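Asks: Here it is, the structure, as structure tokens.
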Amino acid sequence: MSNPALLNHHLILTMVRQSGLEDIYQKVMDHERLSFDDGMRLYETRDLTTVGYLANIVRERLHGDRSFFVRNRQLNPTNICEYSCMFCSFYRREGEEGGYTMTMEEIAKRVQDGMKNGIQEIHITSGLHPTLPFSYYTDMLRTIKETAPHIHIKGFTAVEIEYYAHHYTMTIREVLSQLMAAGLEAMPGGGAEIFADRVRKKICDEKSTAEGWLAVHAMAHELGLLTNATMLYGHIERYEERVDHLMKLRNLQDAGKAKGAKGSFNTFIPLKYQHENNRLKNLPEVSAFEDLKMIAVPRLLLDNFPTIKAYWVVIGKRLAQMALSYGANEIEGTILEERIMSMAGTDSAHGMTERELIKLIKDAGRKPVERDALYHVLKTYEDGELDQLIDKNLSLPVLN
Ligand code: SF4
């Protein structure tokens, strides 16, 4: 067998056969939907190489070599929260040391700082503040839009939306409609945690149920919003609960499309549980092996999600870089400032520079593509200009 392509193909088939995943490989090659049982086998196998190989086939089929990023800023206007989820290091009670609520001036200042860094998107999440009026949130959106009309606002998890509906005696539709009228353009995917009741009761029993979280996203899609979805993994969840979570997301996406919803899920982001300063801190940290599986298996099961994002904040920059070969087609953006995960022990308080992000992607053998909040391509960094950009600003650590 002297033809290198044939030799490669033969080696790949041997690898797949030895993994026992030959039937799943065939389904991937035939563009066939994977089942719950397939998902279980992908999580249970120790053959990460084959799982990653399969996920990369789908990733390259959808996006080729392109790896997206956005210049964005996170904004966490208050950490005052009425709930007390076991895994959370961010929340404080009203009056407790470390609690804060930003004024409109402070919010405008953060937006102005973001503009100096060329941000395209602002990503807002907060605690569930028991005494703020609803107008705080609509005023905040208007303040951001007045300060920077071109910046897209992605904000409020489904948990926040559901809390506002109960707290201010409104329907989910009314909450979303009023926030959209004030400037909301997309929703993040937080608060999903794990949909299994068994786990939710133990780690976040005050929070929305799975049905509640999914109902908020269904309404957001009906109203035309693009939203994201997450899964918190690496605590007490089981493989079958991970697969169940992914199936529920896939089903909701199918149902929205069948109903002709104007919006949809765009991105799935696996969030690894972080250990410091919370009540689950005695759990062991899951391995990098699991981190990469949490990129690859969702890429294979979520066949109706365009994007799988590697969130460097929780898995680290180097593993996020590797994730680009295991199914991820995006790395979380510059973020500038991050409080929720950094309070739980990550090294993310000050974000990442655009240059560092671009180099990270390039060194993974992918093509960096800067996008806006609605996934319009703003710039594709070709090799020559990328080298110039990096040379011109070379104060970067060498990653490889
Ligand atoms: S995860 Fe959210 S809802 Fe739960 S305690 Fe933290 S801020 Fe509050």
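Residue numbers start at 1 in each chain; chains themselves are named A, B, ... in the order of the structure tokens; ligands are numbered from 1 in the order shown.
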Select from range 133-233 of chain A every residue with an atom at most 9 Å from any atom of range 72-85 of chain A, then for each give the shortest pair of atoms and their distance in Å to one decimal, using only C-alpha atoms, rows by chain and rising number, as JSON lines.
Replies:
```
{"residue": "A:Met140", "atom": "CA", "partner": "A:Pro77", "partner_atom": "CA", "distance": 8.9}
{"residue": "A:Ile203", "atom": "CA", "partner": "A:Cys85", "partner_atom": "CA", "distance": 5.9}
{"residue": "A:Cys204", "atom": "CA", "partner": "A:Cys85", "partner_atom": "CA", "distance": 4.6}
{"residue": "A:Asp205", "atom": "CA", "partner": "A:Cys85", "partner_atom": "CA", "distance": 7.5}
{"residue": "A:Glu206", "atom": "CA", "partner": "A:Tyr83", "partner_atom": "CA", "distance": 6.4}
{"residue": "A:Lys207", "atom": "CA", "partner": "A:Tyr83", "partner_atom": "CA", "distance": 7.5}
```
Asks: Counting only C-alpha atoms and all ligand atoms, what are the residues, protein, DNA or RNA alike, that approach ligand 1 to within 12 Å? I want them as a PyMOL selection string.
Replies: chain A and resi 76-93+99+125-130+156-163+190-193+200+203-208+232+273-274+277-279+339-341+343-344
Asks: Do a neighbour search on Gly327 in chain A at 9 Å with only C-alpha atoms, toss out local chain neighbours closer than 4 positions, and write the hits as a list in words.
Replies: Gly52, Tyr53, Leu54, Ala55, Asn56, Ile57, Val58, Arg59, Glu60, Leu292, Ile295, Ala296, Val297, Pro298, Arg299, Leu300, Ile308, Lys309 and Ala323 of chain A
Asks: What parts of range 60-269 of chain A does DSSP call strand (DSSP E or B)? I'd like the answer as a PyMOL selection string.
Replies: chain A and resi 66-69+72-75+78+80+92+101+121-124+152-155+186-187+226-233+264-269
Asks: Take the residues from that selection and write them out as a compact mmCIF listing (two decimals), in the first residue's frame, keeping N, CA and C atoms.
Replies:
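File again18.txt, as written:
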```txt
# COMPACT_ATOMS: atom_id res chain seq x y z
N ARG A 66 -11.60 27.24 10.31
CA ARG A 66 -11.89 28.52 10.96
C ARG A 66 -12.16 28.33 12.45
N SER A 67 -11.57 29.21 13.26
CA SER A 67 -11.83 29.20 14.70
C SER A 67 -12.19 30.61 15.10
N PHE A 68 -13.36 30.75 15.66
CA PHE A 68 -13.92 32.08 15.92
C PHE A 68 -13.53 32.60 17.30
N PHE A 69 -13.51 33.91 17.38
CA PHE A 69 -13.43 34.56 18.70
C PHE A 69 -14.09 35.93 18.57
N ASN A 72 -14.90 40.85 23.52
CA ASN A 72 -16.06 41.12 24.35
C ASN A 72 -15.64 41.54 25.75
N ARG A 73 -16.62 41.92 26.53
CA ARG A 73 -16.36 42.24 27.93
C ARG A 73 -17.47 41.62 28.75
N GLN A 74 -17.08 41.04 29.87
CA GLN A 74 -18.10 40.53 30.78
C GLN A 74 -18.47 41.65 31.74
N LEU A 75 -19.71 41.65 32.12
CA LEU A 75 -20.20 42.65 33.07
C LEU A 75 -21.08 41.92 34.07
N THR A 78 -24.18 43.02 39.67
CA THR A 78 -24.31 42.83 41.13
C THR A 78 -24.03 41.38 41.47
N ILE A 80 -25.10 40.43 44.57
CA ILE A 80 -26.09 40.17 45.62
C ILE A 80 -27.08 39.15 45.08
N ARG A 92 -23.14 37.06 47.31
CA ARG A 92 -23.11 37.60 48.66
C ARG A 92 -24.53 38.03 49.01
N THR A 101 -23.18 46.39 44.10
CA THR A 101 -24.13 46.63 43.01
C THR A 101 -23.65 47.87 42.27
N GLU A 121 -19.14 43.04 21.85
CA GLU A 121 -20.23 42.38 22.58
C GLU A 121 -20.03 42.59 24.07
N ILE A 122 -21.13 42.76 24.77
CA ILE A 122 -21.07 42.82 26.23
C ILE A 122 -21.92 41.68 26.76
N HIS A 123 -21.37 40.97 27.72
CA HIS A 123 -22.00 39.74 28.22
C HIS A 123 -22.34 39.98 29.69
N ILE A 124 -23.65 40.03 30.00
CA ILE A 124 -24.08 40.45 31.34
C ILE A 124 -24.71 39.28 32.10
N HIS A 152 -23.29 44.95 20.82
CA HIS A 152 -24.40 44.01 21.03
C HIS A 152 -24.46 43.59 22.50
N ILE A 153 -25.67 43.47 22.98
CA ILE A 153 -25.83 43.08 24.39
C ILE A 153 -26.38 41.67 24.46
N LYS A 154 -25.57 40.82 25.08
CA LYS A 154 -26.01 39.44 25.40
C LYS A 154 -26.15 39.41 26.91
N GLY A 155 -27.31 39.11 27.39
CA GLY A 155 -27.45 39.22 28.84
C GLY A 155 -28.55 38.37 29.43
N ALA A 186 -29.38 39.16 22.73
CA ALA A 186 -29.07 37.72 22.77
C ALA A 186 -28.99 37.30 24.23
N MET A 187 -29.06 36.00 24.46
CA MET A 187 -28.98 35.50 25.84
C MET A 187 -27.84 34.50 26.00
N LEU A 226 -31.19 34.92 19.65
CA LEU A 226 -30.17 33.88 19.57
C LEU A 226 -29.70 33.62 21.00
N THR A 227 -29.65 32.36 21.42
CA THR A 227 -29.22 32.08 22.79
C THR A 227 -28.15 31.00 22.80
N ASN A 228 -27.48 30.86 23.94
CA ASN A 228 -26.49 29.81 24.12
C ASN A 228 -26.99 28.81 25.16
N ALA A 229 -26.27 27.72 25.28
CA ALA A 229 -26.59 26.73 26.30
C ALA A 229 -25.30 26.24 26.93
N THR A 230 -25.38 25.88 28.21
CA THR A 230 -24.20 25.39 28.92
C THR A 230 -24.51 24.07 29.62
N MET A 231 -23.47 23.44 30.12
CA MET A 231 -23.62 22.35 31.08
C MET A 231 -22.50 22.49 32.11
N LEU A 232 -22.86 22.47 33.38
CA LEU A 232 -21.85 22.46 34.44
C LEU A 232 -21.49 21.00 34.71
N TYR A 233 -20.22 20.66 34.51
CA TYR A 233 -19.81 19.26 34.69
C TYR A 233 -18.63 19.19 35.66
N SER A 264 -32.90 30.81 17.96
CA SER A 264 -32.46 29.42 18.18
C SER A 264 -31.23 29.42 19.08
N PHE A 265 -30.83 28.21 19.48
CA PHE A 265 -29.53 28.08 20.14
C PHE A 265 -28.44 28.24 19.10
N ASN A 266 -27.40 28.94 19.47
CA ASN A 266 -26.25 29.01 18.57
C ASN A 266 -25.06 28.20 19.09
N THR A 267 -24.78 28.35 20.39
CA THR A 267 -23.51 27.83 20.90
C THR A 267 -23.73 26.99 22.15
N PHE A 268 -22.99 25.89 22.23
CA PHE A 268 -22.96 25.10 23.47
C PHE A 268 -21.59 25.31 24.13
N ILE A 269 -21.63 25.57 25.44
CA ILE A 269 -20.38 25.84 26.17
C ILE A 269 -20.33 24.94 27.41
```
Asks: Would you list the contacts of Thr380 in chain A as a list of chain:residue names, taking every protein, DNA or RNA residue within 9 Å and counting only C-alpha atoms, but skipping same-chain residues closer than 3 positions in sequence?
Replies: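 Near Thr380 in chain A, the qualifying residues are A:Arg66, A:Lys367, A:Pro368, A:Val369, A:Glu370, A:Arg371, A:Val377.
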Asks: Run DSSP on the backbone and tell me which residues of range 11-229 of chain A come out as helix (DSSP H, G or I); list them as a count of residues only.
Replies: 109
Asks: Could you check which of A:Gly212, A:Gly189, A:Pro306, A:Gly351 is closest to Leu271 in chain A, using only C-alpha atoms?
Replies: A:Gly189
Asks: Once you count only C-alpha atoms, what closest atom pair and distance in Å to one decimal does each residue of range 280-341 of chain A within 10 Å of range 238-260 of chain A have, with rows by chain and rising residue number, as JSON lines?
Replies:
```
{"residue": "A:Met294", "atom": "CA", "partner": "A:Arg242", "partner_atom": "CA", "distance": 9.2}
{"residue": "A:Val297", "atom": "CA", "partner": "A:Val243", "partner_atom": "CA", "distance": 8.9}
{"residue": "A:Pro298", "atom": "CA", "partner": "A:Leu246", "partner_atom": "CA", "distance": 6.9}
{"residue": "A:Leu301", "atom": "CA", "partner": "A:Leu246", "partner_atom": "CA", "distance": 7.1}
{"residue": "A:Leu302", "atom": "CA", "partner": "A:Arg250", "partner_atom": "CA", "distance": 5.8}
{"residue": "A:Asp303", "atom": "CA", "partner": "A:Arg250", "partner_atom": "CA", "distance": 7.7}
{"residue": "A:Asn304", "atom": "CA", "partner": "A:Arg250", "partner_atom": "CA", "distance": 6.6}
{"residue": "A:Phe305", "atom": "CA", "partner": "A:Arg250", "partner_atom": "CA", "distance": 7.8}
```
Asks: Which neighbours of Ala108 in chain A fall inside 9 Å, counting only C-alpha atoms, when residues of the same chain fewer than 2 positions from it are skipped, and could you give them as a PyMOL selection string?
Replies: chain A and resi 103-106+110-113+140+143-144+146-148
Asks: Using only C-alpha atoms, can you tell me which of A:Tyr137, A:Trp213, A:Phe289, A:Tyr164 comes closest to Phe195 in chain A?
Replies: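 Closest to Phe195 in chain A, using only C-alpha atoms: A:Trp213.
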Asks: Quick one: pull the distance between CA of Ala364 in chain A and CA of Ser287 in chain A, Å, one decimal.
Replies: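 Spanning CA of Ala364 in chain A to CA of Ser287 in chain A is a straight-line distance of 20.9 Å.
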